[in-house]
Amino acid sequence: MVPFILVLIAYLLGNFSTSFLVGKFVGKIDIRNHGSGNAGSTNVFRTLGLKAGLMAFIGDSIKGVLAIYLARRFGGDTVALVAGVAAIVGHNWPVVLKFKGGKGIATSIGVALMIHPASALICIGIGIVILILFKYVSLASVSAIALLPIFIYPQGRDYLIFSIVISIMAIYRHRENIKRLINGTESKVTSKSKSK
């Protein structure tokens with residue numbers, strides 16, 4: 001039962017939507033009714049500004065870190081991999097918000113940093129470069145996480161499966177962004193821009 005409980009805890013941690021709470025307490029709004037309607041740090045940034053966006057991003061990352069820490073400490077590495085997926089699922093589809101959550105990038109960053117820091121840092125670095133060059137958060141996010149399986153592959157099959165699963169989730173959650181990127185209608189990052 002211990003692995004199951006740890007995975008459940010990870011999912012519930014994922015349900016703790018920092019973006020939703022920042023929207024409520026900082027902006028006095030339900031962030032899901034503004035901008036893209038997404039309960040994630042990018043939408044918070046676009047809607048409420050940089051400070052609020054950073055608060056949401058850090059909070060959503062920390063819950064990924066905590067989920068892995070608890071799972072690894074009390075369940076081991078394999079349980080930690082499953083818990084990492086569960087935390088991201090909890091963020092993307094939180095039962096407490098009627099399954100209307102974020103896109104999982106900040107939580108994925110926290111999870112990946114705990115699972116394999118070197119691979120995560122390489123992907124984060126690539127994502128930052130893409131963001132600086134092209135100004136698209138979605139392009140940077142999807143590109144970075146899609147590369148994670150390549151860098152984490154030497155760690156073994158379980159790590160590869162984990163990375164493929166979280167990459168697929170991120171790409172799926174960004175499917176509308178990908179369509180807009182292809183059509184040339186995706187919003188670039190500016191402090192005053194509104195998410196579509």
# chains A, B, ... in the order shown; residues from 1 in each chain; ligands from 1

call {"tool": "closest_atom_pairs", "arguments": {"of": "stretch 92-175 of chain A", "to": "stretch 47-56 of chain A", "cutoff": "12 Å", "atoms": "only C-alpha atoms", "output": "Markdown table"}}
result
| residue | atom | partner | partner_atom | distance |
| --- | --- | --- | --- | --- |
| A:Gly102 | CA | A:Ala56 | CA | 10.9 |
| A:Gly104 | CA | A:Ala56 | CA | 11.9 |
| A:Ile105 | CA | A:Ala56 | CA | 11.6 |
| A:Ala106 | CA | A:Ala56 | CA | 8.7 |
| A:Thr107 | CA | A:Ala56 | CA | 10.4 |

call {"tool": "residues_around", "arguments": {"residues": "A:Leu113", "least_positions_apart": "4", "cutoff": "10 Å", "atoms": "only C-alpha atoms", "output": "PyMOL selection string"}}
result
chain A and resi 61+64-65+68+107-109+117-121+124

call {"tool": "write_last_selection", "arguments": {"atoms": "N, CA and C atoms", "output": "PDB file, in the first residue's frame"}}
result
ATOM      1  N   SER A  61       6.438  24.515  -9.331  1.00  0.00           N
ATOM      2  CA  SER A  61       7.667  23.717  -9.412  1.00  0.00           C
ATOM      3  C   SER A  61       7.942  23.007  -8.090  1.00  0.00           C
ATOM      4  N   GLY A  64       6.214  19.730  -7.425  1.00  0.00           N
ATOM      5  CA  GLY A  64       6.851  18.619  -8.130  1.00  0.00           C
ATOM      6  C   GLY A  64       8.062  18.107  -7.378  1.00  0.00           C
ATOM      7  N   VAL A  65       8.842  19.038  -6.855  1.00  0.00           N
ATOM      8  CA  VAL A  65      10.013  18.680  -6.055  1.00  0.00           C
ATOM      9  C   VAL A  65       9.596  17.889  -4.812  1.00  0.00           C
ATOM     10  N   ILE A  68       8.426  14.228  -5.501  1.00  0.00           N
ATOM     11  CA  ILE A  68       9.529  13.296  -5.745  1.00  0.00           C
ATOM     12  C   ILE A  68      10.322  13.019  -4.469  1.00  0.00           C
ATOM     13  N   THR A 107       5.533  22.248 -13.065  1.00  0.00           N
ATOM     14  CA  THR A 107       5.581  21.039 -12.238  1.00  0.00           C
ATOM     15  C   THR A 107       6.523  20.007 -12.842  1.00  0.00           C
ATOM     16  N   SER A 108       6.515  19.895 -14.168  1.00  0.00           N
ATOM     17  CA  SER A 108       7.436  18.978 -14.844  1.00  0.00           C
ATOM     18  C   SER A 108       8.888  19.364 -14.591  1.00  0.00           C
ATOM     19  N   ILE A 109       9.159  20.660 -14.544  1.00  0.00           N
ATOM     20  CA  ILE A 109      10.519  21.126 -14.264  1.00  0.00           C
ATOM     21  C   ILE A 109      10.946  20.698 -12.869  1.00  0.00           C
ATOM     22  N   PRO A 117      18.837  15.737 -12.381  1.00  0.00           N
ATOM     23  CA  PRO A 117      19.158  17.160 -12.514  1.00  0.00           C
ATOM     24  C   PRO A 117      19.920  17.526 -13.786  1.00  0.00           C
ATOM     25  N   ALA A 118      20.900  16.716 -14.166  1.00  0.00           N
ATOM     26  CA  ALA A 118      21.720  17.062 -15.336  1.00  0.00           C
ATOM     27  C   ALA A 118      20.876  17.150 -16.604  1.00  0.00           C
ATOM     28  N   SER A 119      20.065  16.134 -16.842  1.00  0.00           N
ATOM     29  CA  SER A 119      19.207  16.135 -18.023  1.00  0.00           C
ATOM     30  C   SER A 119      18.223  17.300 -17.987  1.00  0.00           C
ATOM     31  N   ALA A 120      17.647  17.529 -16.810  1.00  0.00           N
ATOM     32  CA  ALA A 120      16.681  18.614 -16.669  1.00  0.00           C
ATOM     33  C   ALA A 120      17.322  19.968 -16.948  1.00  0.00           C
ATOM     34  N   LEU A 121      18.514  20.191 -16.419  1.00  0.00           N
ATOM     35  CA  LEU A 121      19.187  21.481 -16.608  1.00  0.00           C
ATOM     36  C   LEU A 121      19.547  21.722 -18.066  1.00  0.00           C
ATOM     37  N   ILE A 124      16.280  22.653 -19.727  1.00  0.00           N
ATOM     38  CA  ILE A 124      15.885  23.994 -19.301  1.00  0.00           C
ATOM     39  C   ILE A 124      16.724  25.045 -20.038  1.00  0.00           C
TER      40      ILE A 124
END

call {"tool": "closest_atom_pairs", "arguments": {"of": "stretch 35-154 of chain A", "to": "stretch 181-192 of chain A", "cutoff": "12 Å", "atoms": "only C-alpha atoms", "output": "JSON lines"}}
result
{"residue": "A:Gly35", "atom": "CA", "partner": "A:Ser187", "partner_atom": "CA", "distance": 11.2}
{"residue": "A:Ser36", "atom": "CA", "partner": "A:Ser187", "partner_atom": "CA", "distance": 10.7}
{"residue": "A:Thr42", "atom": "CA", "partner": "A:Val189", "partner_atom": "CA", "distance": 9.2}
{"residue": "A:Asn43", "atom": "CA", "partner": "A:Val189", "partner_atom": "CA", "distance": 10.8}
{"residue": "A:Val44", "atom": "CA", "partner": "A:Ser191", "partner_atom": "CA", "distance": 10.9}
{"residue": "A:Phe45", "atom": "CA", "partner": "A:Ser191", "partner_atom": "CA", "distance": 7.5}
{"residue": "A:Arg46", "atom": "CA", "partner": "A:Ser191", "partner_atom": "CA", "distance": 6.5}
{"residue": "A:Thr47", "atom": "CA", "partner": "A:Lys192", "partner_atom": "CA", "distance": 8.1}
{"residue": "A:Leu48", "atom": "CA", "partner": "A:Ser191", "partner_atom": "CA", "distance": 9.1}
{"residue": "A:Gly49", "atom": "CA", "partner": "A:Ser191", "partner_atom": "CA", "distance": 6.3}
{"residue": "A:Leu50", "atom": "CA", "partner": "A:Ser191", "partner_atom": "CA", "distance": 7.0}
{"residue": "A:Lys51", "atom": "CA", "partner": "A:Ser191", "partner_atom": "CA", "distance": 10.6}
{"residue": "A:Ala52", "atom": "CA", "partner": "A:Ser191", "partner_atom": "CA", "distance": 11.5}
{"residue": "A:Gly53", "atom": "CA", "partner": "A:Ser191", "partner_atom": "CA", "distance": 10.4}
{"residue": "A:Leu131", "atom": "CA", "partner": "A:Val189", "partner_atom": "CA", "distance": 8.6}
{"residue": "A:Ile132", "atom": "CA", "partner": "A:Val189", "partner_atom": "CA", "distance": 9.6}
{"residue": "A:Leu133", "atom": "CA", "partner": "A:Lys188", "partner_atom": "CA", "distance": 11.0}
{"residue": "A:Phe134", "atom": "CA", "partner": "A:Lys188", "partner_atom": "CA", "distance": 7.9}
{"residue": "A:Lys135", "atom": "CA", "partner": "A:Lys188", "partner_atom": "CA", "distance": 5.1}
{"residue": "A:Tyr136", "atom": "CA", "partner": "A:Lys188", "partner_atom": "CA", "distance": 4.9}
{"residue": "A:Val137", "atom": "CA", "partner": "A:Val189", "partner_atom": "CA", "distance": 6.8}
{"residue": "A:Ser138", "atom": "CA", "partner": "A:Leu181", "partner_atom": "CA", "distance": 8.5}
{"residue": "A:Leu139", "atom": "CA", "partner": "A:Leu181", "partner_atom": "CA", "distance": 7.7}
{"residue": "A:Ala140", "atom": "CA", "partner": "A:Lys188", "partner_atom": "CA", "distance": 11.1}
{"residue": "A:Val142", "atom": "CA", "partner": "A:Leu181", "partner_atom": "CA", "distance": 11.4}

call {"tool": "closest_residue", "arguments": {"among": "A:Asn177, A:Ser19, A:Ser167, A:Ser41", "to": "A:Ala146", "atoms": "only C-alpha atoms"}}
result
A:Ser167

call {"tool": "closest_residue", "arguments": {"among": "A:Gly23, A:Pro154, A:Pro149, A:Gly110", "to": "A:Lys63", "atoms": "only C-alpha atoms"}}
result
A:Gly110

call {"tool": "decode", "arguments": {"residues": "stretch 155-189 of chain A", "atoms": "C-alpha atoms", "output": "PDB file, in the first residue's frame"}}
result
ATOM      1  CA  GLN A 155      19.691   6.232 -17.131  1.00  0.00           C
ATOM      2  CA  GLY A 156      17.676   3.193 -18.176  1.00  0.00           C
ATOM      3  CA  ARG A 157      14.328   2.029 -19.491  1.00  0.00           C
ATOM      4  CA  ASP A 158      12.218   3.224 -16.542  1.00  0.00           C
ATOM      5  CA  TYR A 159      13.622   6.732 -16.831  1.00  0.00           C
ATOM      6  CA  LEU A 160      13.050   6.731 -20.580  1.00  0.00           C
ATOM      7  CA  ILE A 161       9.423   5.648 -20.185  1.00  0.00           C
ATOM      8  CA  PHE A 162       8.904   8.302 -17.514  1.00  0.00           C
ATOM      9  CA  SER A 163      10.328  11.023 -19.740  1.00  0.00           C
ATOM     10  CA  ILE A 164       8.288   9.942 -22.767  1.00  0.00           C
ATOM     11  CA  VAL A 165       5.078   9.949 -20.722  1.00  0.00           C
ATOM     12  CA  ILE A 166       5.573  13.450 -19.328  1.00  0.00           C
ATOM     13  CA  SER A 167       6.659  14.703 -22.764  1.00  0.00           C
ATOM     14  CA  ILE A 168       3.493  13.339 -24.358  1.00  0.00           C
ATOM     15  CA  MET A 169       1.377  14.967 -21.654  1.00  0.00           C
ATOM     16  CA  ALA A 170       3.052  18.328 -22.214  1.00  0.00           C
ATOM     17  CA  ILE A 171       2.653  18.143 -25.983  1.00  0.00           C
ATOM     18  CA  TYR A 172      -0.996  17.123 -25.611  1.00  0.00           C
ATOM     19  CA  ARG A 173      -1.706  20.004 -23.238  1.00  0.00           C
ATOM     20  CA  HIS A 174      -0.052  22.395 -25.704  1.00  0.00           C
ATOM     21  CA  ARG A 175      -1.888  21.084 -28.767  1.00  0.00           C
ATOM     22  CA  GLU A 176      -3.780  24.358 -29.302  1.00  0.00           C
ATOM     23  CA  ASN A 177      -0.546  26.340 -28.906  1.00  0.00           C
ATOM     24  CA  ILE A 178       1.107  24.099 -31.477  1.00  0.00           C
ATOM     25  CA  LYS A 179      -1.722  24.770 -33.931  1.00  0.00           C
ATOM     26  CA  ARG A 180      -1.307  28.517 -33.387  1.00  0.00           C
ATOM     27  CA  LEU A 181       2.458  28.255 -33.843  1.00  0.00           C
ATOM     28  CA  ILE A 182       1.910  26.519 -37.160  1.00  0.00           C
ATOM     29  CA  ASN A 183      -0.666  29.129 -38.195  1.00  0.00           C
ATOM     30  CA  GLY A 184       1.517  32.015 -37.012  1.00  0.00           C
ATOM     31  CA  THR A 185      -1.067  33.267 -34.522  1.00  0.00           C
ATOM     32  CA  GLU A 186       0.574  32.282 -31.222  1.00  0.00           C
ATOM     33  CA  SER A 187       1.201  35.132 -28.780  1.00  0.00           C
ATOM     34  CA  LYS A 188       4.767  36.125 -28.015  1.00  0.00           C
ATOM     35  CA  VAL A 189       5.962  37.001 -24.531  1.00  0.00           C
TER      36      VAL A 189
END
